[in-house]
file model_22.txt (compact mmCIF, C-alpha atoms)
# COMPACT_ATOMS: atom_id res chain seq x y z
CA MET A 1 0.00 0.00 0.00
CA ALA A 2 2.84 2.29 -0.75
CA PHE A 3 0.68 4.96 -2.29
CA GLY A 4 -2.73 3.87 -1.10
CA ARG A 5 -3.35 1.86 -4.22
CA SER A 6 -2.71 -1.80 -3.64
CA SER A 7 -3.07 -4.19 -6.51
CA ARG A 8 -5.43 -2.43 -8.83
CA LYS A 9 -5.51 -4.37 -12.07
CA LYS A 10 -7.71 -2.00 -13.99
CA PRO A 11 -5.49 0.52 -15.70
CA LEU A 12 -6.29 4.15 -15.04
CA VAL A 13 -8.16 5.86 -17.83
CA GLU A 14 -5.95 8.35 -19.61
CA PRO A 15 -8.36 10.97 -20.87
CA VAL A 16 -7.76 13.19 -23.85
CA THR A 17 -7.28 16.69 -22.46
CA LEU A 18 -8.17 19.88 -24.29
CA LYS A 19 -8.05 23.50 -23.26
CA ILE A 20 -9.98 26.64 -24.03
CA LEU A 21 -8.61 30.02 -23.04
CA VAL A 22 -10.65 32.78 -21.51
CA ALA A 23 -9.12 36.17 -22.22
CA GLY A 24 -10.14 39.74 -21.65
CA GLY A 25 -9.31 42.80 -19.63
CA PHE A 26 -8.80 42.93 -15.91
CA GLY A 27 -12.02 42.54 -13.97
CA VAL A 28 -14.15 41.57 -16.93
CA GLY A 29 -15.30 38.35 -15.28
CA LYS A 30 -12.93 35.68 -16.58
CA THR A 31 -12.76 33.73 -13.33
CA THR A 32 -16.51 34.10 -12.87
CA LEU A 33 -17.06 32.56 -16.30
CA VAL A 34 -14.71 29.68 -15.54
CA GLY A 35 -16.45 29.10 -12.20
CA ALA A 36 -19.89 29.02 -13.81
CA VAL A 37 -19.19 25.78 -15.68
CA SER A 38 -16.23 24.21 -13.88
CA GLU A 39 -16.84 21.09 -11.83
CA ILE A 40 -14.19 22.29 -9.41
CA ARG A 41 -13.92 25.65 -7.73
CA PRO A 42 -11.53 27.55 -10.00
CA LEU A 43 -7.99 26.74 -8.98
CA ARG A 44 -5.11 29.11 -9.12
CA THR A 45 -1.76 28.17 -10.50
CA GLU A 46 1.20 30.49 -10.28
CA GLU A 47 4.51 30.88 -11.92
CA ILE A 48 7.39 32.95 -10.64
CA LEU A 49 9.04 34.93 -13.36
CA SER A 50 12.29 36.78 -13.11
CA GLU A 51 12.71 39.90 -15.15
CA ALA A 52 14.17 38.73 -18.43
CA GLY A 53 17.43 40.04 -19.79
CA ARG A 54 19.10 40.80 -16.50
CA PRO A 55 22.78 39.82 -16.58
CA VAL A 56 23.13 36.75 -14.42
CA ASP A 57 26.60 37.40 -13.12
CA ASP A 58 26.06 40.97 -12.16
CA LEU A 59 25.70 40.89 -8.41
CA HIS A 60 25.26 44.62 -8.19
CA GLY A 61 21.66 45.52 -8.04
CA VAL A 62 20.61 42.11 -6.81
CA GLU A 63 18.67 43.93 -4.13
CA ASN A 64 16.58 45.35 -6.94
CA LYS A 65 16.00 42.02 -8.68
CA THR A 66 12.35 41.75 -9.39
CA THR A 67 10.36 38.60 -9.59
CA THR A 68 6.76 38.65 -10.61
CA THR A 69 4.16 36.10 -9.78
CA VAL A 70 1.72 35.49 -12.60
CA ALA A 71 -1.48 33.77 -11.66
CA MET A 72 -3.84 31.87 -13.91
CA ASP A 73 -7.21 30.67 -12.74
CA PHE A 74 -8.50 27.50 -14.28
CA GLY A 75 -11.35 25.07 -14.11
CA ARG A 76 -12.12 21.57 -15.34
CA ILE A 77 -15.07 20.00 -17.11
CA THR A 78 -15.10 16.21 -17.40
CA LEU A 79 -17.17 15.68 -20.53
CA ARG A 80 -16.66 11.93 -20.46
CA GLU A 81 -14.44 9.62 -18.52
CA ASP A 82 -11.95 9.87 -21.36
CA LEU A 83 -12.47 13.49 -22.41
CA VAL A 84 -11.59 16.42 -20.17
CA LEU A 85 -11.79 20.10 -21.01
CA TYR A 86 -9.78 22.68 -19.07
CA LEU A 87 -10.60 26.37 -19.07
CA PHE A 88 -7.78 28.80 -18.40
CA GLY A 89 -8.33 32.42 -17.50
CA THR A 90 -5.38 34.27 -18.96
CA PRO A 91 -3.48 36.82 -16.89
CA GLY A 92 -5.08 40.19 -17.38
CA GLN A 93 -1.97 42.28 -17.78
CA ASP A 94 -0.55 42.88 -21.21
CA ARG A 95 3.01 42.56 -20.05
CA PHE A 96 2.64 38.81 -19.70
CA TRP A 97 2.07 38.08 -23.35
CA PHE A 98 4.94 35.62 -23.40
CA LEU A 99 3.09 33.48 -20.93
CA TRP A 100 0.15 33.38 -23.29
CA ASP A 101 2.28 31.73 -25.90
CA GLU A 102 2.62 28.71 -23.71
CA LEU A 103 -1.03 28.75 -22.75
CA ALA A 104 -2.15 29.25 -26.32
CA GLN A 105 -0.06 26.39 -27.65
CA GLY A 106 -2.38 23.55 -28.50
CA ALA A 107 -5.48 25.41 -27.37
CA LEU A 108 -8.73 24.29 -28.93
CA GLY A 109 -9.97 27.86 -29.00
CA ALA A 110 -10.59 30.95 -26.95
CA VAL A 111 -13.27 33.17 -25.51
CA VAL A 112 -12.61 36.89 -25.51
CA LEU A 113 -14.76 38.27 -22.75
CA ALA A 114 -15.63 41.91 -23.31
CA ASP A 115 -17.21 44.68 -21.30
CA THR A 116 -18.93 47.35 -23.40
CA ARG A 117 -17.77 50.02 -20.95
CA ARG A 118 -14.14 49.13 -21.70
CA LEU A 119 -14.13 47.58 -25.13
CA GLU A 120 -10.55 48.71 -25.75
CA ASP A 121 -9.45 46.17 -23.12
CA SER A 122 -10.37 43.40 -25.57
CA PHE A 123 -8.38 44.67 -28.53
CA ALA A 124 -5.11 43.10 -27.50
CA ALA A 125 -6.65 39.64 -26.98
CA ILE A 126 -8.56 39.75 -30.28
CA ASP A 127 -5.43 40.80 -32.10
CA TYR A 128 -3.43 38.03 -30.47
CA PHE A 129 -5.83 35.23 -31.45
CA GLU A 130 -6.32 36.60 -34.96
CA ARG A 131 -2.59 36.63 -35.61
CA ARG A 132 -2.17 33.10 -34.38
CA GLY A 133 -5.17 31.70 -36.16
CA ILE A 134 -6.68 30.46 -32.91
CA PRO A 135 -10.46 30.12 -33.22
CA PHE A 136 -12.19 32.50 -30.86
CA THR A 137 -15.61 33.86 -30.00
CA VAL A 138 -16.29 37.24 -28.45
CA ALA A 139 -18.65 37.12 -25.50
CA VAL A 140 -19.98 40.43 -24.20
CA ASN A 141 -20.50 40.10 -20.50
CA CYS A 142 -23.75 41.93 -19.83
CA PHE A 143 -23.09 43.52 -16.49
CA GLU A 144 -26.12 44.71 -14.60
CA GLY A 145 -26.54 48.42 -15.04
CA ALA A 146 -24.26 48.60 -18.06
CA ARG A 147 -25.80 50.08 -21.16
CA ARG A 148 -26.76 47.48 -23.79
CA PHE A 149 -25.56 47.98 -27.30
CA PRO A 150 -26.76 46.17 -30.42
CA ALA A 151 -24.42 43.35 -31.36
CA GLU A 152 -23.74 44.95 -34.72
CA SER A 153 -22.38 48.13 -33.22
CA VAL A 154 -20.15 46.15 -30.85
CA ARG A 155 -18.88 44.13 -33.81
CA GLY A 156 -18.10 47.32 -35.65
CA ALA A 157 -16.30 48.83 -32.67
CA LEU A 158 -14.19 45.69 -32.34
CA ASP A 159 -13.65 45.42 -36.11
CA LEU A 160 -14.43 41.71 -36.07
CA ASP A 161 -14.10 39.48 -39.10
CA PRO A 162 -17.54 38.40 -40.35
CA GLU A 163 -16.96 34.77 -39.40
CA VAL A 164 -16.09 35.54 -35.76
CA GLU A 165 -19.15 35.03 -33.64
CA LEU A 166 -20.22 37.61 -31.08
CA LEU A 167 -22.57 36.62 -28.29
CA MET A 168 -24.14 38.39 -25.37
CA CYS A 169 -23.65 36.43 -22.18
CA ASP A 170 -23.91 36.45 -18.44
CA ALA A 171 -20.62 35.11 -17.11
CA ARG A 172 -22.36 33.99 -13.92
CA ASP A 173 -24.90 31.85 -15.72
CA ARG A 174 -24.04 28.25 -16.52
CA GLU A 175 -26.33 27.90 -19.53
CA SER A 176 -25.11 31.16 -20.96
CA VAL A 177 -21.46 30.15 -20.58
CA LYS A 178 -22.18 26.71 -22.07
CA ASN A 179 -23.55 28.45 -25.17
CA VAL A 180 -20.40 30.53 -25.45
CA LEU A 181 -18.18 27.45 -25.19
CA VAL A 182 -20.24 25.55 -27.76
CA ALA A 183 -19.85 28.52 -30.12
CA VAL A 184 -16.08 28.41 -29.68
CA VAL A 185 -15.85 24.70 -30.46
CA GLN A 186 -18.23 25.02 -33.41
CA HIS A 187 -16.03 27.72 -34.84
CA ALA A 188 -12.99 25.50 -34.30
CA LEU A 189 -14.84 22.68 -36.06
CA VAL A 190 -15.59 24.85 -39.09
CA LEU A 191 -11.93 25.86 -39.35
CA ALA A 192 -10.76 22.29 -38.88
CA ASP A 193 -13.16 20.97 -41.53
CA ARG A 194 -11.86 23.58 -43.91
CA SER A 195 -8.23 22.64 -43.35
CA HIS A 196 -9.04 18.92 -43.62
CA ALA A 197 -10.93 19.37 -46.84
CA PRO A 198 -9.06 18.65 -50.08
CA ALA A 199 -7.37 21.77 -51.36
CA ALA A 200 -8.48 21.32 -54.95
CA THR A 201 -12.17 21.22 -55.75
CA MET B 1 19.52 42.12 27.49
CA SER B 2 16.63 42.10 25.18
CA ASP B 3 18.99 43.20 22.41
CA ALA B 4 20.36 39.69 22.13
CA ALA B 5 16.95 38.11 21.98
CA GLU B 6 15.68 40.52 19.40
CA PRO B 7 18.19 40.91 16.63
CA ASN B 8 15.63 42.64 14.54
CA GLN B 9 15.31 45.58 16.82
CA ALA B 10 16.89 47.81 14.20
CA THR B 11 14.05 46.99 11.88
CA GLU B 12 11.38 48.17 14.24
CA GLY B 13 8.73 50.13 12.51
CA ARG B 14 8.62 47.76 9.55
CA PRO B 15 5.61 45.62 9.04
CA THR B 16 5.78 42.74 11.49
CA GLY B 17 4.60 39.22 10.96
CA ARG B 18 5.80 35.69 11.09
CA HIS B 19 8.89 36.52 9.09
CA HIS B 20 9.49 39.82 10.80
CA TRP B 21 13.27 39.66 10.49
CA PHE B 22 13.14 39.59 6.72
CA ASP B 23 12.50 42.42 4.37
CA ALA B 24 9.21 41.97 2.65
CA ASP B 25 11.17 41.72 -0.57
CA ALA B 26 12.93 38.58 0.63
CA GLY B 27 9.91 36.50 -0.34
CA PRO B 28 8.99 33.17 1.22
CA VAL B 29 11.37 31.62 3.75
CA VAL B 30 11.96 28.55 1.59
CA ARG B 31 12.33 29.63 -1.97
CA PRO B 32 10.28 27.28 -4.15
CA TYR B 33 13.16 26.29 -6.39
CA ALA B 34 15.07 24.99 -3.37
CA MET B 35 12.83 21.93 -3.70
CA THR B 36 14.28 21.31 -7.12
CA ARG B 37 17.81 21.86 -5.85
CA GLY B 38 17.98 24.94 -7.98
CA ARG B 39 17.02 23.25 -11.23
CA THR B 40 14.64 25.21 -13.41
CA SER B 41 14.16 22.78 -16.25
CA ALA B 42 13.04 19.19 -16.22
CA ALA B 43 14.90 16.23 -17.65
CA THR B 44 11.98 15.38 -19.92
CA ARG B 45 12.43 15.83 -23.63
CA HIS B 46 9.25 17.83 -24.14
CA ARG B 47 8.15 20.77 -22.09
CA LEU B 48 5.29 19.51 -20.03
CA ASP B 49 2.05 21.16 -21.03
CA LEU B 50 -0.21 22.59 -18.33
CA ILE B 51 -2.84 20.01 -19.33
CA ALA B 52 -0.43 17.09 -19.65
CA LEU B 53 -1.65 14.37 -17.31
CA VAL B 54 0.66 12.62 -14.86
CA VAL B 55 -0.16 8.90 -14.75
CA PRO B 56 1.47 6.52 -12.26
CA GLU B 57 3.43 3.52 -13.53
CA PRO B 58 3.11 0.10 -11.86
CA ALA B 59 6.44 0.79 -10.16
CA ALA B 60 4.76 3.52 -8.13
CA ASP B 61 3.12 0.76 -6.09
CA ASP B 62 6.44 -0.78 -5.18
CA PRO B 63 7.18 -0.23 -1.51
CA GLY B 64 10.91 -0.53 -2.21
CA ARG B 65 10.78 2.58 -4.26
CA ASP B 66 13.44 5.24 -4.40
CA GLN B 67 14.02 6.41 -0.84
CA THR B 68 15.64 9.60 -2.02
CA LEU B 69 12.33 11.04 -3.15
CA SER B 70 11.29 14.24 -1.44
CA PRO B 71 7.92 14.55 0.28
CA GLU B 72 6.77 16.66 -2.68
CA HIS B 73 7.67 13.85 -5.10
CA VAL B 74 5.75 11.35 -3.01
CA GLU B 75 2.75 13.65 -2.79
CA ILE B 76 2.64 14.03 -6.56
CA VAL B 77 2.55 10.24 -6.99
CA GLU B 78 -0.13 9.92 -4.33
CA ARG B 79 -2.31 12.59 -5.88
CA CYS B 80 -2.07 10.93 -9.30
CA SER B 81 -2.76 7.43 -8.08
CA GLU B 82 -6.48 7.99 -7.59
CA GLN B 83 -6.95 9.86 -10.83
CA PRO B 84 -4.37 11.19 -13.28
CA GLN B 85 -3.77 14.88 -12.60
CA SER B 86 -2.72 17.65 -14.91
CA ILE B 87 0.40 19.69 -14.29
CA ALA B 88 -1.84 22.70 -13.60
CA GLU B 89 -3.90 20.80 -11.04
CA LEU B 90 -0.81 19.50 -9.28
CA ALA B 91 0.66 23.01 -9.09
CA ALA B 92 -2.56 24.37 -7.63
CA GLY B 93 -3.02 21.44 -5.25
CA LEU B 94 0.54 21.52 -3.94
CA ASP B 95 0.60 25.33 -3.96
CA LEU B 96 3.83 25.32 -5.95
CA PRO B 97 4.80 27.29 -9.04
CA VAL B 98 4.21 25.44 -12.30
CA GLY B 99 7.94 25.46 -13.07
CA VAL B 100 8.73 23.63 -9.83
CA VAL B 101 6.11 20.96 -10.53
CA ARG B 102 7.54 20.44 -14.00
CA VAL B 103 10.99 19.71 -12.56
CA LEU B 104 9.63 17.37 -9.88
CA VAL B 105 7.47 15.47 -12.38
CA GLY B 106 10.49 15.25 -14.67
CA ASP B 107 12.36 13.48 -11.86
CA LEU B 108 9.51 11.00 -11.47
CA VAL B 109 9.45 10.34 -15.20
CA GLU B 110 13.17 9.66 -15.12
CA ASP B 111 12.65 7.26 -12.22
CA GLU B 112 9.93 5.56 -14.28
CA LEU B 113 7.42 6.05 -11.50
CA VAL B 114 5.05 8.02 -13.70
CA HIS B 115 4.55 8.84 -17.32
CA VAL B 116 3.07 11.98 -18.78
CA THR B 117 0.49 12.23 -21.54
CA ARG B 118 1.28 14.50 -24.42
CA PRO B 119 -1.85 16.43 -25.31
CA VAL B 120 -2.47 16.48 -29.05
CA PRO B 121 -2.96 19.99 -30.40
CA PRO B 122 -6.42 20.13 -32.03
CA ALA B 123 -4.82 21.06 -35.36
CA GLU B 124 -3.04 17.70 -35.34
CA LEU B 125 -6.02 15.58 -34.43
CA PRO B 126 -6.42 12.77 -36.96
CA ASP B 127 -10.10 13.59 -37.37
CA VAL B 128 -12.44 16.24 -36.12
CA SER B 129 -14.99 13.92 -34.54
CA ILE B 130 -13.52 14.70 -31.14
CA LEU B 131 -14.66 18.31 -31.55
CA ARG B 132 -18.20 17.10 -32.17
CA GLU B 133 -17.92 15.02 -29.04
CA VAL B 134 -16.85 18.11 -27.09
CA ILE B 135 -19.87 20.03 -28.40
CA ASN B 136 -22.23 17.18 -27.48
CA GLY B 137 -20.58 16.88 -24.08
CA LEU B 138 -20.97 20.60 -23.38
CA ARG B 139 -24.62 20.58 -24.42
CA ALA B 140 -25.31 17.63 -22.15
CA LEU B 141 -23.83 19.31 -19.08

call {"tool": "encode", "arguments": {"input": "model_22.txt", "output": "structure tokens"}}
result
Amino acid sequence: MAFGRSSRKKPLVEPVTLKILVAGGFGVGKTTLVGAVSEIRPLRTEEILSEAGRPVDDLHGVENKTTTTVAMDFGRITLREDLVLYLFGTPGQDRFWFLWDELAQGALGAVVLADTRRLEDSFAAIDYFERRGIPFTVAVNCFEGARRFPAESVRGALDLDPEVELLMCDARDRESVKNVLVAVVQHALVLADRSHAPAAT
Amino acid sequence: MSDAAEPNQATEGRPTGRHHWFDADAGPVVRPYAMTRGRTSAATRHRLDLIALVVPEPAADDPGRDQTLSPEHVEIVERCSEQPQSIAELAAGLDLPVGVVRVLVGDLVEDELVHVTRPVPPAELPDVSILREVINGLRAL
């Protein structure tokens, strides 16, 4: 009973794991959205980052050496015993783009959560996913008391490509968040079908 | 004299707490990478993805296992024995930075106590049916 697991013959199931990113400005409700559908209370994982480019051997100024802790909140949805989806809320600050690269690698898709009062906070995330060809859906979190705008005017303000879906959502509401996630995967499916289709027709 | 018992007297006026003799900038008493003996990269060939799952090998059940494992190594194996855990979940559960967990899991891989799944990027999936399964799974939640 070394590790509390005696002579289990049945091999552990090794599920396929996929991830969807949840991006957007600070305070837009990323962790709330993750928590609305996650089967676990959103967990926080941290990485300690030293300021890049500092000469290693230079002992002068060590007292000023800065390390930054970057936190990502994430949740888990077990779709089937052998299929698990993770949702990662990306760090809100623009200066941690390099961390996104790792997060974004192999991501199934992304949600850009937007707040109509601070639409400019979503520009950076939209730009990032567009450049990398990562399928994404924009979800406008309809905060109580915030003015509602027609979807078309929000699309225009964000300069979205016609094929990018824009949805209104309530990041606290499970059904609403499920719809957003389904939209992301459907978009990913369309793109995947296109790339799998024969080039010549 | 009380001077001897309180070497931090000179720092009076600073915020006090459990680690009152350190500057706030000193960080935690045990720096996380001390657990990895200063190593910042794992021995594994591929960088372990946040959603890579750590799965115990049969050898993890062997009571005569490596006695040089740290308590953190042992805890990782224990946590994975019930259900494979992702790197992200282990980091959150152990309250350790992701980079530290990667190094520790790398040690366990080298010791052949666990193996790590390599998540397939959706673009490399052999067919897209898995995406349909994700959609169906989400709708059924």

call {"tool": "residues_near_point", "arguments": {"input": "model_22.txt", "point": "(-14.8, 22.9, -37.4)", "cutoff": "12 Å", "atoms": "all atoms listed in the file", "output": "PyMOL selection string"}}
result
(chain A and resi 108-109+134-136+182-197) or (chain B and resi 122-123+125+127-135)

call {"tool": "interface_residues", "arguments": {"input": "model_22.txt", "of": "chain B", "to": "chain A", "cutoff": "6 Å", "atoms": "all atoms listed in the file", "output": "PyMOL selection string"}}
result
chain B and resi 61+63+78+91-92+97-98+121-122+135+137

call {"tool": "closest_residue", "arguments": {"input": "model_22.txt", "among": "A:Ala104, A:Asp82, A:Arg41, A:Asp115", "to": "Gly24 of chain A", "atoms": "only C-alpha atoms"}}
result
A:Asp115

call {"tool": "atom_distance", "arguments": {"input": "model_22.txt", "atom1": "atom CA of Cys169 of chain A", "atom2": "atom CA of Gly89 of chain A"}}
result
16.5 Å

call {"tool": "atom_distance", "arguments": {"input": "model_22.txt", "atom1": "atom CA of Ala60 of chain B", "atom2": "atom CA of Arg39 of chain B"}}
result
23.4 Å

call {"tool": "closest_residue", "arguments": {"input": "model_22.txt", "among": "B:Gly38, B:Leu104, B:Arg31, B:Gln85", "to": "Pro71 of chain B", "atoms": "all atoms listed in the file"}}
result
B:Leu104

call {"tool": "residues_around", "arguments": {"input": "model_22.txt", "residues": "segment 26-31 of chain A", "least_positions_apart": "3", "cutoff": "10 Å", "atoms": "all atoms listed in the file", "output": "PyMOL selection string"}}
result
chain A and resi 21-23+34-36+41-44+72-75+87-94+111-116+118+121-122+140-141+143+170-172

call {"tool": "closest_residue", "arguments": {"input": "model_22.txt", "among": "B:Tyr33, B:Leu138, B:Asp49, B:Val105", "to": "Asp101 of chain A", "atoms": "all atoms listed in the file"}}
result
B:Asp49

call {"tool": "closest_residue", "arguments": {"input": "model_22.txt", "among": "B:Ala59, B:Ile76, B:Ala34, B:Leu141", "to": "Asp107 of chain B", "atoms": "all atoms listed in the file"}}
result
B:Ile76
